[in-house]
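As stored in upload.txt (compact mmCIF, C-alpha atoms):
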```
# COMPACT_ATOMS: atom_id res chain seq x y z
CA MET A 140 8.32 -27.19 20.55
CA ALA A 141 8.74 -30.88 19.62
CA ASP A 142 10.71 -33.30 21.76
CA PHE A 143 13.66 -34.71 19.85
CA ASN A 144 14.25 -38.12 21.42
CA VAL A 145 16.53 -40.64 19.73
CA ASN A 146 14.29 -43.46 20.97
CA HIS A 147 11.57 -42.19 18.63
CA ILE A 148 13.62 -42.23 15.41
CA THR A 149 13.15 -45.22 13.12
CA GLY A 150 14.55 -46.48 9.87
CA LYS A 151 12.98 -45.96 6.48
CA GLN A 152 10.82 -49.10 6.78
CA GLY A 153 9.99 -48.68 10.47
CA GLN A 154 7.15 -47.03 12.32
CA GLN A 155 6.78 -43.28 11.87
CA GLY A 156 8.86 -41.32 14.38
CA THR A 157 8.54 -37.77 15.64
CA VAL A 158 7.60 -35.31 12.90
CA LEU A 159 9.61 -32.08 13.00
CA ALA A 160 7.48 -29.33 11.52
CA GLY A 161 7.28 -25.59 11.82
CA VAL A 162 9.70 -23.90 14.20
CA THR A 163 11.54 -26.73 15.95
CA THR A 164 14.35 -26.27 18.45
CA VAL A 165 16.75 -28.72 20.04
CA SER A 166 18.20 -28.43 23.52
CA SER A 167 21.22 -30.67 24.02
CA THR A 168 24.29 -30.85 26.21
CA GLY A 169 25.81 -33.48 23.93
CA SER A 170 27.87 -33.15 20.79
CA MET A 171 25.13 -33.62 18.20
CA ARG A 172 25.55 -31.40 15.17
CA ILE A 173 22.90 -30.98 12.49
CA PRO A 174 24.43 -29.90 9.14
CA SER A 175 23.14 -26.63 7.74
CA GLY A 176 22.56 -25.54 4.19
CA PRO A 177 21.55 -27.53 1.12
CA THR A 178 23.34 -30.72 0.16
CA GLU A 179 25.55 -29.09 -2.48
CA GLN A 180 27.09 -26.88 0.22
CA ARG A 181 27.88 -29.86 2.48
CA GLY A 182 30.14 -31.84 0.18
CA GLY A 183 27.28 -33.33 -1.82
CA ARG A 184 26.90 -33.36 -5.57
CA GLY A 185 28.40 -29.97 -6.32
CA ARG A 186 29.24 -28.43 -9.68
CA GLY A 187 32.64 -27.75 -11.23
CA VAL A 188 32.96 -25.15 -14.00
CA TRP A 189 35.84 -24.66 -16.45
CA GLY A 190 36.14 -21.46 -18.50
CA GLY A 191 38.37 -19.93 -21.15
CA GLY A 192 41.67 -21.49 -22.16
CA TYR A 193 43.98 -21.63 -25.15
CA ASN A 194 43.44 -23.65 -28.35
CA PRO A 195 43.46 -20.84 -29.51
CA THR A 196 42.03 -18.25 -27.06
CA MET A 197 38.39 -19.10 -26.29
CA ASN A 198 35.41 -18.04 -24.20
CA THR A 199 33.85 -21.50 -23.73
CA MET A 200 32.41 -22.41 -20.31
CA GLU A 201 31.36 -25.94 -19.36
CA TYR A 202 30.41 -27.84 -16.21
CA ILE A 203 30.37 -31.24 -14.54
CA THR A 204 28.54 -32.74 -11.57
CA ILE A 205 31.51 -33.69 -9.39
CA ALA A 206 29.91 -36.67 -7.61
CA SER A 207 29.17 -38.44 -10.91
CA THR A 208 31.25 -39.26 -13.97
CA GLY A 209 30.67 -38.27 -17.58
CA ASN A 210 31.47 -35.63 -20.14
CA ALA A 211 31.20 -31.93 -19.41
CA ALA A 212 28.21 -29.97 -20.71
CA ASP A 213 27.95 -26.46 -22.12
CA PHE A 214 27.44 -23.77 -19.46
CA GLY A 215 27.60 -20.55 -21.48
CA ASP A 216 30.31 -18.12 -22.51
CA LEU A 217 32.74 -15.78 -20.82
CA ALA A 218 32.17 -12.11 -21.59
CA HIS A 219 35.59 -12.09 -23.28
CA ALA A 220 37.73 -14.90 -24.66
CA LYS A 221 40.83 -15.34 -22.48
CA PHE A 222 43.41 -17.83 -21.25
CA SER A 223 45.67 -18.05 -18.19
CA ALA A 224 42.90 -16.71 -15.95
CA SER A 225 42.24 -18.05 -12.45
CA ALA A 226 38.94 -18.67 -10.66
CA VAL A 227 37.37 -18.83 -7.19
CA GLY A 228 33.98 -20.05 -6.02
CA SER A 229 31.48 -19.60 -3.19
CA PRO A 230 28.43 -21.86 -2.62
CA THR A 231 26.47 -19.75 -5.10
CA ARG A 232 28.86 -17.78 -7.30
CA GLY A 233 32.04 -18.32 -9.32
CA ILE A 234 34.43 -15.54 -10.34
CA PHE A 235 37.00 -15.59 -13.15
CA ILE A 236 40.00 -13.39 -12.36
CA GLY A 237 42.50 -11.74 -14.72
CA GLY A 238 43.82 -13.69 -17.68
CA ASP A 239 45.08 -12.64 -21.07
CA PRO A 240 43.74 -10.39 -22.51
CA ASN A 241 41.68 -8.12 -20.17
CA GLN A 242 44.19 -8.80 -17.42
CA SER A 243 42.59 -6.54 -14.79
CA LYS A 244 39.00 -7.70 -15.24
CA MET A 245 36.90 -10.03 -13.06
CA TYR A 246 33.63 -11.63 -14.16
CA TYR A 247 31.11 -13.65 -12.15
CA PHE A 248 28.45 -16.27 -12.85
CA THR A 249 25.86 -18.19 -10.80
CA PHE A 250 26.57 -21.93 -10.42
CA SER A 251 22.93 -23.01 -10.34
CA SER A 252 22.02 -21.49 -13.70
CA SER A 253 23.77 -21.91 -17.02
CA GLY A 254 24.60 -18.71 -18.81
CA GLY A 255 27.27 -16.14 -19.39
CA THR A 256 29.25 -13.93 -17.04
CA ASN A 257 28.71 -10.46 -15.64
CA THR A 258 31.20 -7.78 -14.65
CA PHE A 259 32.43 -8.10 -11.06
CA GLY A 260 35.20 -5.47 -10.83
CA ASP A 261 38.89 -4.87 -11.43
CA LEU A 262 42.18 -6.06 -9.99
CA SER A 263 44.70 -3.50 -8.75
CA ASN A 264 47.38 -5.07 -10.96
CA ASN A 265 47.08 -6.42 -14.47
CA HIS A 266 48.10 -10.05 -14.38
CA TYR A 267 47.64 -13.56 -15.68
CA ASN A 268 48.90 -17.02 -14.66
CA ALA A 269 48.05 -16.20 -11.04
CA SER A 270 46.98 -18.81 -8.51
CA ALA A 271 43.64 -18.45 -6.73
CA LEU A 272 41.83 -19.92 -3.70
CA SER A 273 38.79 -19.20 -1.58
CA ASN A 274 36.63 -20.12 1.38
CA ASP A 275 32.87 -19.53 1.35
CA THR A 276 33.09 -15.72 1.53
CA ARG A 277 36.48 -14.47 0.40
CA GLY A 278 38.47 -15.16 -2.78
CA LEU A 279 42.21 -14.51 -3.19
CA SER A 280 44.35 -13.95 -6.27
CA LEU A 281 48.05 -14.56 -5.63
CA GLY A 282 51.04 -13.56 -7.77
CA GLY A 283 51.02 -13.97 -11.52
CA ASN A 284 52.68 -12.63 -14.68
CA PRO A 285 54.34 -10.21 -15.02
CA VAL A 286 56.21 -11.46 -11.95
CA ILE A 287 54.45 -9.85 -8.98
CA THR A 288 54.33 -10.64 -5.29
CA SER A 289 50.98 -9.05 -4.49
CA ILE A 290 47.96 -10.89 -3.05
CA GLU A 291 44.53 -9.33 -3.63
CA TYR A 292 41.14 -10.35 -2.26
CA ILE A 293 37.45 -9.95 -3.00
CA THR A 294 34.25 -10.58 -1.07
CA MET A 295 32.46 -12.95 -3.44
CA ALA A 296 28.87 -12.16 -2.43
CA THR A 297 29.26 -8.55 -3.57
CA THR A 298 30.74 -6.92 -6.65
CA GLY A 299 33.60 -4.44 -6.69
CA ASP A 300 37.32 -4.01 -7.14
CA ALA A 301 39.89 -6.19 -5.41
CA SER A 302 41.72 -4.95 -2.30
CA SER A 303 45.27 -5.50 -1.07
CA PHE A 304 45.74 -8.58 1.15
CA GLY A 305 49.54 -8.78 1.45
CA ASP A 306 52.44 -10.27 -0.47
CA LEU A 307 53.85 -13.67 -1.32
CA PHE A 308 57.21 -14.24 0.33
CA ASP A 309 58.35 -15.36 -3.11
CA GLY A 310 56.66 -13.90 -6.20
CA ASN A 311 55.12 -16.73 -8.13
CA ARG A 312 53.24 -17.63 -11.31
CA TYR A 313 51.92 -20.87 -12.85
CA ALA A 314 51.27 -22.16 -9.29
CA ALA A 315 48.14 -23.93 -7.98
CA GLY A 316 45.88 -22.87 -5.12
CA ALA A 317 43.90 -24.93 -2.59
CA ALA A 318 42.17 -24.12 0.69
CA SER A 319 40.45 -25.23 3.87
CA PRO A 320 37.76 -22.96 5.36
CA THR A 321 40.52 -21.07 7.22
CA ARG A 322 43.83 -21.57 5.41
CA GLY A 323 44.87 -21.11 1.80
CA ILE A 324 47.97 -22.71 0.30
CA ILE A 325 49.71 -22.48 -3.07
CA GLY A 326 52.11 -25.06 -4.44
CA GLY A 327 54.69 -25.17 -7.21
CA GLY A 328 55.02 -22.51 -9.89
CA ILE A 329 57.92 -20.41 -11.12
CA ASP A 330 59.39 -18.17 -8.45
CA ALA A 331 60.72 -14.65 -8.82
CA THR A 332 64.33 -15.83 -8.88
CA THR A 333 63.75 -17.83 -12.07
CA PRO A 334 63.57 -15.40 -15.02
CA THR A 335 62.34 -17.98 -17.52
CA ALA A 336 60.02 -20.99 -17.37
CA VAL A 337 62.70 -23.60 -16.73
CA LYS A 338 62.67 -25.71 -13.59
CA GLY A 339 59.78 -24.48 -11.48
CA THR A 340 59.83 -24.47 -7.69
CA LYS A 341 59.04 -26.86 -4.84
CA ASP A 342 57.76 -24.04 -2.61
CA ILE A 343 54.46 -24.35 -0.77
CA GLN A 344 53.24 -21.11 0.84
CA TYR A 345 50.21 -20.43 3.03
CA VAL A 346 47.97 -17.60 4.21
CA THR A 347 45.16 -17.27 6.74
CA ILE A 348 42.19 -16.33 4.56
CA ALA A 349 40.22 -14.33 7.14
CA SER A 350 43.12 -12.07 8.13
CA LYS A 351 45.21 -10.03 5.74
CA GLY A 352 48.97 -10.52 5.71
CA ASN A 353 51.95 -11.91 3.84
CA SER A 354 52.32 -15.58 2.99
CA LYS A 355 54.49 -17.91 5.07
CA ASP A 356 56.51 -21.01 4.33
CA PHE A 357 54.49 -24.24 4.50
CA GLY A 358 56.92 -26.84 3.09
CA GLU A 359 57.91 -28.28 -0.27
CA LEU A 360 56.52 -30.44 -3.04
CA ARG A 361 58.48 -33.60 -3.81
CA VAL A 362 59.49 -32.31 -7.27
CA ALA A 363 59.99 -28.73 -8.47
CA ARG A 364 57.39 -27.96 -11.15
CA TYR A 365 54.99 -25.39 -12.58
CA GLY A 366 51.70 -25.56 -14.47
CA VAL A 367 50.25 -27.61 -11.59
CA GLY A 368 46.56 -28.32 -10.90
CA GLY A 369 45.21 -28.01 -7.35
CA CYS A 370 42.23 -29.56 -5.51
CA SER A 371 41.28 -29.77 -1.84
CA SER A 372 38.93 -31.11 0.80
CA PRO A 373 38.56 -29.19 4.09
CA THR A 374 41.68 -30.94 5.41
CA ARG A 375 43.81 -32.15 2.48
CA ALA A 376 45.21 -30.51 -0.64
CA LEU A 377 46.34 -32.31 -3.80
CA PHE A 378 48.78 -30.86 -6.35
CA ALA A 379 48.90 -32.72 -9.65
CA GLY A 380 50.94 -32.74 -12.84
CA GLY A 381 53.21 -29.94 -14.02
CA TYR A 382 56.53 -29.47 -15.74
CA GLY A 383 60.01 -29.14 -14.29
CA GLN A 384 62.94 -29.28 -16.66
CA PRO A 385 63.85 -31.71 -18.08
CA SER A 386 60.69 -33.76 -17.51
CA PHE A 387 56.92 -33.59 -17.50
CA ASN A 388 55.12 -34.89 -14.44
CA ASN A 389 52.02 -36.94 -13.68
CA ALA A 390 52.63 -37.12 -9.92
CA ILE A 391 50.00 -36.12 -7.37
CA ASP A 392 51.34 -34.70 -4.09
CA SER A 393 49.26 -34.62 -0.92
CA VAL A 394 49.61 -32.21 2.02
CA GLU A 395 47.57 -31.92 5.22
CA ILE A 396 46.34 -28.33 5.29
CA PRO A 397 46.05 -27.80 9.10
CA THR A 398 49.71 -28.71 9.64
CA LEU A 399 52.96 -27.60 8.03
CA GLY A 400 55.09 -30.05 6.08
CA ASN A 401 56.24 -31.39 2.73
CA GLY A 402 54.17 -33.08 0.07
CA THR A 403 53.87 -36.88 0.10
CA ASP A 404 53.18 -39.34 -2.69
CA PHE A 405 49.44 -39.73 -3.36
CA GLY A 406 49.42 -41.39 -6.78
CA ASP A 407 49.56 -40.44 -10.47
CA LEU A 408 47.37 -38.72 -13.04
CA THR A 409 46.08 -40.75 -15.97
CA GLN A 410 48.53 -38.96 -18.28
CA LEU A 411 51.54 -36.64 -18.19
CA THR A 412 49.95 -33.19 -18.14
CA TYR A 413 50.74 -29.59 -17.29
CA TYR A 414 48.78 -26.32 -17.52
CA LEU A 415 45.77 -28.26 -16.17
CA SER A 416 43.15 -26.96 -13.75
CA GLY A 417 41.26 -28.54 -10.86
CA ALA A 418 37.81 -28.36 -9.26
CA SER A 419 36.82 -30.30 -6.15
CA SER A 420 34.15 -31.25 -3.65
CA HIS A 421 34.81 -32.21 -0.02
CA THR A 422 35.40 -35.77 -1.15
CA ARG A 423 36.60 -35.73 -4.77
CA GLY A 424 39.16 -33.78 -6.78
CA CYS A 425 38.82 -33.43 -10.57
CA TRP A 426 41.42 -32.15 -13.05
CA GLY A 427 40.58 -31.07 -16.59
CA GLY A 428 42.35 -29.81 -19.68
CA GLY A 429 46.04 -29.04 -20.02
CA TYR A 430 48.90 -29.95 -22.33
CA LYS A 431 49.74 -33.64 -22.55
CA VAL A 432 52.80 -35.65 -23.56
CA PRO A 433 54.30 -37.68 -25.21
CA SER A 434 51.73 -37.10 -27.97
CA SER A 435 52.14 -33.36 -27.57
CA GLY A 436 48.94 -31.36 -27.74
CA ASN A 437 46.07 -29.94 -25.74
CA THR A 438 43.85 -32.44 -23.96
CA ASN A 439 40.17 -32.55 -23.04
CA VAL A 440 40.58 -35.35 -20.49
CA ILE A 441 39.03 -35.02 -17.02
CA SER A 442 40.38 -37.32 -14.31
CA TYR A 443 39.47 -37.61 -10.64
CA SER A 444 40.70 -38.87 -7.28
CA THR A 445 39.00 -39.58 -3.97
CA ILE A 446 40.83 -37.07 -1.77
CA ALA A 447 40.69 -39.11 1.46
CA SER A 448 42.37 -42.20 -0.03
CA ALA A 449 45.69 -42.28 -1.87
CA GLY A 450 45.81 -43.86 -5.30
CA ASN A 451 46.06 -43.15 -9.01
CA ALA A 452 43.53 -40.90 -10.70
CA THR A 453 40.64 -42.42 -12.67
CA ASP A 454 39.06 -41.29 -15.93
CA PHE A 455 36.02 -39.05 -15.35
CA GLY A 456 35.07 -37.98 -18.87
CA ASP A 457 35.98 -35.21 -21.32
CA LEU A 458 35.68 -31.46 -21.63
CA THR A 459 33.78 -30.34 -24.72
CA VAL A 460 36.92 -28.65 -26.08
CA ALA A 461 40.59 -29.64 -25.62
CA ARG A 462 42.63 -26.74 -24.25
CA LYS A 463 45.35 -25.65 -21.85
CA LEU A 464 45.62 -22.72 -19.43
CA VAL A 465 41.93 -23.05 -18.56
CA ALA A 466 40.50 -21.72 -15.26
CA SER A 467 38.13 -23.68 -13.02
CA CYS A 468 36.28 -23.54 -9.70
CA SER A 469 33.46 -25.27 -7.85
CA ASN A 470 30.69 -24.45 -5.40
CA VAL A 471 31.57 -27.12 -2.85
CA HIS A 472 35.38 -27.26 -2.61
CA GLY A 473 37.49 -27.73 0.50
CA GLY A 474 37.59 -24.04 1.31
CA ILE A 475 33.83 -23.88 1.76
CA GLY A 476 32.68 -24.67 5.28
CA ASP A 477 29.52 -26.49 6.34
```
Starting from the file, give its structure as structure tokens.
Amino acid sequence: MADFNVNHITGKQGQQGTVLAGVTTVSSTGSMRIPSGPTEQRGGRGRGVWGGGYNPTMNTMEYITIASTGNAADFGDLAHAKFSASAVGSPTRGIFIGGDPNQSKMYYFTFSSSGGTNTFGDLSNNHYNASALSNDTRGLSLGGNPVITSIEYITMATTGDASSFGDLFDGNRYAAGAASPTRGIIGGGIDATTPTAVKGTKDIQYVTIASKGNSKDFGELRVARYGVGGCSSPTRALFAGGYGQPSFNNAIDSVEIPTLGNGTDFGDLTQLTYYLSGASSHTRGCWGGGYKVPSSGNTNVISYSTIASAGNATDFGDLTVARKLVASCSNVHGGIGD
């Protein structure tokens, strides 16, 4: 066993310090913590993947390296063209959930290798326009069209059908999901009391990911809206864009995930957009695709924000294809623990 003494550690240009090789253990009564796992699992570079979407219905998948800027690159194809799907991600695997058509189907891919998707399993309920969130082991699908209140979950490392988790206290669709390693939250959307896509809702709901149960009230967004895009670090969630009659929205709301409360002003997107989708690392949130105004039409713009510091979003690059109702996930988002 090697002695691990801070007096023996030097800088890059200094004298060689203790070499840790083989099986090395550390005995400490202090608070030192050595991160585990590869860099991409600790908030490092990370990869965000967008798939499907409408312009018209497509099966295109593409990816970005979240820590850099630039245009997205081709990743492969979904097994079936679809839009209004949702997606969750673990450190190794992403899963696309539901969508129209093939509303009960789930497909998975491996982040580290470009390529298509494989069959994962089936949802209990056919749906699309659901919100989704995950930590490093469990993914949740919440609500969706037709208006349902059910929450279903999967264990991402395996394959198989989804299981019942609980219910939303207010059935919801066109909402956005975000998560810490322990808590999942959804913001905005169209609630069950609104029969048509008109005003949207301010509701923010939350669940404890590790334990099944119904959602609870978290707080409210500043403006009622649907078609929102969500991103998160382990402590903060951002909800961006959306539409709430009579206006489109480019606002970004921030909430602190460990506590309950209402959204606060974070900044603005680069353009008025709804039906967009987000992917994030521990430090940066990225939003791609959607429907933009005032020059109405689908967009391929990707913008990003540094989650820890409030401010307006910055241009990141472009998706390869402009589209709305696209699903996205990453392998190093806020819901994935160290």
ask   = Can you tell me how far CA of Asp216 in chain A sits from CA of Phe259 in chain A, in Å to one decimal?
value = 15.4 Å
ask   = Of the residues A:Thr276, A:Thr340, A:Thr258, A:Asn268, which is the one nearest to Val227 in chain A, using all atoms listed in the file?
value =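 With all atoms listed in the file as the atom set, the closest residue is A:Thr276.
Shortest separation to Ser354 in chain A among A:Thr398, A:Asn311, A:Ser469, A:Thr256 occurs at residue A:Asn311, atoms counted being all atoms listed in the file.
Picture a line from CA of Asp404 in chain A to CA of Ile446 in chain A; it runs 12.6 Å.
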Is it possible to get the axis-aligned box enclosing range 435-454 of chain A (all listed atoms, 8 Å extra per side) as JSON, with centre and edge lengths in Å rounded to one decimal?
```
{"center_x": 45.6, "center_y": -36.9, "center_z": -13.1, "size_x": 29.1, "size_y": 29.9, "size_z": 45.2}
```
task = Excluding Ile293 in chain A and residues on its chain fewer than 5 positions from it, collect all residues at most 9 Å away from it, counting all atoms listed in the file, and give them as an NGL selection string.
result = :A and (276-280 or 298-302)
inquiry  = For a quick check of your reading of the model, name the residues lying within 6 Å of the coordinate (42.5, -19.3, -11.3), counting only C-alpha atoms, and write them as a PyMOL selection string.
reply    = chain A and resi 224-226+270-271+466
remark   = Using only C-alpha atoms, the shortest atom-to-atom distance to Thr204 in chain A among A:Gly310, A:Pro285, A:Gly473, A:Gly424 belongs to A:Gly424
request  = Identify which of the residues A:Thr422, A:Ser442, A:Ser253, A:Pro385 lies closest to Gln410 in chain A, counting only C-alpha atoms when measuring atom-to-atom distances.
outcome  =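 Of the candidates, the smallest distance to Gln410 in chain A is held by A:Ser442.
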message = Given all atoms listed in the file as the basis, pick out the residue of A:Ala269, A:Val362, A:Val346, A:Ala418 nearest to His472 in chain A.
response =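 Nearest to His472 in chain A: A:Ala418.
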request  = Give me the residues within 6 Å of Arg312 in chain A as a PyMOL selection string, counting all atoms listed in the file and dropping any in the same chain fewer than 2 places off.
outcome  = chain A and resi 268-269+282-283+314+328-329
ask   = So which one's closest to Gly237 in chain A, A:Val465, A:Gly427, A:Val440, A:Ser371? Using all atoms listed in the file, please.
value =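 So, comparing all the options, the nearest one is A:Val465.
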task = Mind giving me the straight-line distance from CA of Thr199 in chain A to CA of Asp213 in chain A in Å, one decimal?
result =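 Spanning CA of Thr199 in chain A to CA of Asp213 in chain A is a straight-line distance of 7.9 Å.
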request  = Might you pull out every residue within 8 Å of Arg186 in chain A, with all atoms listed in the file counted and same-chain residues fewer than 5 positions away left off, and present them as an MDAnalysis selection string?
outcome  = chainID A and resid 202:205 250 469:471
message = At a cut-off of 10 Å, using all atoms listed in the file, what residues contact Lys351 in chain A? Leave out same-chain residues fewer than 2 positions from it and give the result as a PyMOL selection string.
response = chain A and resi 290-292+303-306+346-349+353-354
Please list, as a JSON list (two decimals) with C-alpha atoms, in the frame of the given file, the residues that have an atom at most 6 Å away from (52.2, -25.0, 4.4) in the coordinates of this file, counting all atoms listed in the file.
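That gives us result03.json:
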```json
[["chain", "number", "residue", "atom", "x", "y", "z"],
["A", 343, "ILE", "CA", 54.46, -24.35, -0.77],
["A", 344, "GLN", "CA", 53.24, -21.11, 0.84],
["A", 345, "TYR", "CA", 50.21, -20.43, 3.03],
["A", 356, "ASP", "CA", 56.51, -21.01, 4.33],
["A", 357, "PHE", "CA", 54.49, -24.24, 4.50],
["A", 358, "GLY", "CA", 56.92, -26.84, 3.09],
["A", 399, "LEU", "CA", 52.96, -27.60, 8.03]]
```
key: Surrounding residues of range 447-464 of chain A excluding itself and chain neighbours under 4 positions, 8 Å, only C-alpha atoms, as a ChimeraX atom specification   = /A:191-195,201,208-213,222-224,375,405-409,414-416,422,425,427-430,437-443
